[in-house]
Amino acid sequence: MNRLQTELRRLYLCPSDGDGTWTDATGRVRTAVVELVAPVDATLLGAVWAGVQNELALPAPAIVLSGRDGLQLWFSLQQPVEAASARALAEGLCRRWLDELPPARRRCWPAPEAAPPALPGSELGAERWAALVSPDLAPLFTETPWLELPPGDDAQAALLAPLRPITPDELAATLPQLAPPDPAAAAAAPEPRTAPEREAERFLLAVMRDAAAPLAQRIEAAKALLRRS
């Protein structure tokens, strides 16, 4: 294996007799992918890339030109997980940072019947090569997410070398934060108080605490507050 193959196997591919595969014998994966379809909003791409590090304390993902029509963020998992868990990570990240995009403008992998991403150095068409890029260069490819020449293996490996995978503990801590809202919990939650309601409660509380007010009024104010709670 060359340096690039070694890094891809270290971060994204499941062990095999060859260079590695996207899935192991039981269908588990070590990669979750979020893809923005071109033309890509570089600000949104950057928000996901920075947000996972600053808000979720996860390792930086790789930024990959798909060689077709999108820019991808590859998230490495230290251990193979069920495809559903990797998909939950990717979909949760989309909900958190890309919810404003129409569904047709974003993709996740793994997903049912979706092909895995092309490896860096794959030729996807005439003068269209999949490749890793650095964060500062990604905005240059928001409309043309490919290279016109094959990328060098050593340069591609150098972009992967500083990256590390998400540990099982990190994944377990992150998935609940990205889970979709529970409809039952939302329905059971009390509706927020309106401004007039809050003002009425403050008035009743003031009467109840006013030592100069008649005791009967203070009792009635307390009863009214209890009925509103």
# chains A, B, ... in the order shown; residues from 1 in each chain; ligands from 1
>>> residues_around(residues="region 206-213 of chain A", least_positions_apart="5", cutoff="6 Å", atoms="only C-alpha atoms", output="PyMOL selection string")
chain A and resi 218+221-222
>>> select_by_dssp(residues="region 97-199 of chain A", states="strand (DSSP E or B)", output="list of chain:residue names")
A:Arg106, A:Arg107, A:Cys108, A:Trp109, A:Glu123, A:Leu124, A:Gly125, A:Arg128, A:Trp129, A:Ala131, A:Leu132, A:Val133, A:Leu147, A:Ile166
>>> write_last_selection(atoms="N, CA, C and O atoms", output="PDB file, in the first residue's frame")
ATOM      1  N   ARG A 106     -28.661  18.380  -0.508  1.00  0.00           N
ATOM      2  CA  ARG A 106     -27.758  17.743   0.445  1.00  0.00           C
ATOM      3  C   ARG A 106     -27.958  16.239   0.402  1.00  0.00           C
ATOM      4  O   ARG A 106     -29.033  15.750   0.085  1.00  0.00           O
ATOM      5  N   ARG A 107     -26.899  15.525   0.725  1.00  0.00           N
ATOM      6  CA  ARG A 107     -26.941  14.063   0.731  1.00  0.00           C
ATOM      7  C   ARG A 107     -26.175  13.551   1.946  1.00  0.00           C
ATOM      8  O   ARG A 107     -25.296  14.232   2.477  1.00  0.00           O
ATOM      9  N   CYS A 108     -26.528  12.335   2.331  1.00  0.00           N
ATOM     10  CA  CYS A 108     -25.806  11.668   3.416  1.00  0.00           C
ATOM     11  C   CYS A 108     -25.434  10.261   2.979  1.00  0.00           C
ATOM     12  O   CYS A 108     -26.114   9.664   2.135  1.00  0.00           O
ATOM     13  N   TRP A 109     -24.359   9.763   3.540  1.00  0.00           N
ATOM     14  CA  TRP A 109     -23.976   8.363   3.335  1.00  0.00           C
ATOM     15  C   TRP A 109     -23.432   7.842   4.666  1.00  0.00           C
ATOM     16  O   TRP A 109     -22.752   8.606   5.374  1.00  0.00           O
ATOM     17  N   GLU A 123     -11.142   8.686 -11.162  1.00  0.00           N
ATOM     18  CA  GLU A 123     -11.565   9.510 -12.291  1.00  0.00           C
ATOM     19  C   GLU A 123     -13.044   9.239 -12.539  1.00  0.00           C
ATOM     20  O   GLU A 123     -13.443   8.120 -12.825  1.00  0.00           O
ATOM     21  N   LEU A 124     -13.868  10.275 -12.442  1.00  0.00           N
ATOM     22  CA  LEU A 124     -15.314  10.121 -12.560  1.00  0.00           C
ATOM     23  C   LEU A 124     -15.850  10.616 -13.889  1.00  0.00           C
ATOM     24  O   LEU A 124     -17.049  10.543 -14.148  1.00  0.00           O
ATOM     25  N   GLY A 125     -15.004  11.114 -14.736  1.00  0.00           N
ATOM     26  CA  GLY A 125     -15.389  11.623 -16.042  1.00  0.00           C
ATOM     27  C   GLY A 125     -14.175  12.254 -16.685  1.00  0.00           C
ATOM     28  O   GLY A 125     -13.076  12.280 -16.098  1.00  0.00           O
ATOM     29  N   ARG A 128     -12.210  14.892 -14.666  1.00  0.00           N
ATOM     30  CA  ARG A 128     -12.918  15.060 -13.402  1.00  0.00           C
ATOM     31  C   ARG A 128     -12.424  14.006 -12.416  1.00  0.00           C
ATOM     32  O   ARG A 128     -12.743  12.823 -12.549  1.00  0.00           O
ATOM     33  N   TRP A 129     -11.647  14.471 -11.435  1.00  0.00           N
ATOM     34  CA  TRP A 129     -11.031  13.568 -10.472  1.00  0.00           C
ATOM     35  C   TRP A 129     -11.525  13.907  -9.062  1.00  0.00           C
ATOM     36  O   TRP A 129     -11.601  15.077  -8.683  1.00  0.00           O
ATOM     37  N   ALA A 131     -10.937  14.218  -5.144  1.00  0.00           N
ATOM     38  CA  ALA A 131      -9.705  14.595  -4.455  1.00  0.00           C
ATOM     39  C   ALA A 131     -10.016  15.238  -3.113  1.00  0.00           C
ATOM     40  O   ALA A 131     -11.069  15.854  -2.918  1.00  0.00           O
ATOM     41  N   LEU A 132      -9.083  15.073  -2.190  1.00  0.00           N
ATOM     42  CA  LEU A 132      -9.109  15.805  -0.928  1.00  0.00           C
ATOM     43  C   LEU A 132      -8.594  17.217  -1.160  1.00  0.00           C
ATOM     44  O   LEU A 132      -7.695  17.429  -1.984  1.00  0.00           O
ATOM     45  N   VAL A 133      -9.162  18.182  -0.410  1.00  0.00           N
ATOM     46  CA  VAL A 133      -8.658  19.550  -0.471  1.00  0.00           C
ATOM     47  C   VAL A 133      -8.557  20.097   0.950  1.00  0.00           C
ATOM     48  O   VAL A 133      -9.239  19.632   1.864  1.00  0.00           O
ATOM     49  N   LEU A 147     -11.062  17.924  -9.597  1.00  0.00           N
ATOM     50  CA  LEU A 147      -9.797  18.371 -10.166  1.00  0.00           C
ATOM     51  C   LEU A 147      -9.755  17.959 -11.628  1.00  0.00           C
ATOM     52  O   LEU A 147     -10.316  16.923 -12.013  1.00  0.00           O
ATOM     53  N   ILE A 166     -13.321   9.555  15.126  1.00  0.00           N
ATOM     54  CA  ILE A 166     -14.230   9.740  16.254  1.00  0.00           C
ATOM     55  C   ILE A 166     -14.220   8.468  17.085  1.00  0.00           C
ATOM     56  O   ILE A 166     -14.422   7.366  16.561  1.00  0.00           O
TER      57      ILE A 166
END
>>> residues_around(residues="region 63-70 of chain A", least_positions_apart="4", cutoff="10 Å", atoms="only C-alpha atoms", output="compact mmCIF listing (two decimals) with C-alpha atoms, in the first residue's frame")
# COMPACT_ATOMS: atom_id res chain seq x y z
CA VAL A 33 -20.49 11.50 4.79
CA VAL A 34 -22.32 14.81 4.48
CA GLU A 35 -22.45 16.17 0.94
CA LEU A 36 -23.55 19.55 -0.37
CA VAL A 37 -24.59 19.60 -4.01
CA ALA A 38 -22.99 22.22 -6.26
CA PRO A 39 -23.19 25.14 -6.42
CA VAL A 40 -22.18 24.86 -2.77
CA LEU A 45 -19.85 24.04 4.36
CA TRP A 49 -16.72 21.82 9.36
CA TRP A 74 -15.93 12.67 5.56
CA PHE A 75 -16.22 11.72 9.24
CA ARG A 105 -29.24 20.04 -2.19
CA ARG A 106 -27.76 17.74 0.44
CA ARG A 107 -26.94 14.06 0.73
CA PRO A 117 -18.23 7.99 -2.16
CA ALA A 118 -15.45 7.80 -4.70
CA LEU A 119 -11.96 7.47 -3.26
CA PRO A 120 -9.52 10.34 -3.82
CA GLY A 121 -7.73 9.79 -7.10
CA SER A 122 -10.74 8.21 -8.81
CA GLU A 123 -11.57 9.51 -12.29
CA LEU A 124 -15.31 10.12 -12.56
CA GLY A 125 -15.39 11.62 -16.04
CA GLU A 127 -10.88 15.61 -16.56
CA ARG A 128 -12.92 15.06 -13.40
CA TRP A 129 -11.03 13.57 -10.47
CA ALA A 130 -12.17 13.05 -6.89
CA ALA A 131 -9.70 14.60 -4.46
CA LEU A 132 -9.11 15.80 -0.93
CA VAL A 133 -8.66 19.55 -0.47
CA SER A 134 -7.61 21.74 2.42
CA PRO A 135 -10.23 23.93 4.15
CA LEU A 137 -9.00 25.85 -0.85
CA ALA A 138 -12.47 24.32 -0.63
CA PHE A 141 -14.42 24.38 -5.91
CA THR A 142 -17.98 25.24 -4.85
CA GLU A 143 -19.19 25.20 -8.46
CA THR A 144 -16.75 22.68 -9.92
CA PRO A 145 -16.15 20.00 -7.24
CA TRP A 146 -13.41 18.11 -9.04
CA LEU A 147 -9.80 18.37 -10.17
CA GLU A 148 -8.95 18.43 -13.85
CA LEU A 159 -4.03 16.11 4.10
CA LEU A 160 -5.23 12.99 5.96
>>> closest_residue(among="A:Ala90, A:Ala104, A:Ala200, A:Ala42", to="Ala224 (chain A)", atoms="only C-alpha atoms")
A:Ala200
>>> closest_residue(among="A:Pro61, A:Pro181, A:Gly51, A:Pro176", to="Ser85 (chain A)", atoms="only C-alpha atoms")
A:Pro176
>>> atom_distance(atom1="CA of Ser76 (chain A)", atom2="CA of Pro150 (chain A)")
23.6 Å
>>> atom_distance(atom1="CA of Leu178 (chain A)", atom2="CA of Gly92 (chain A)")
4.6 Å
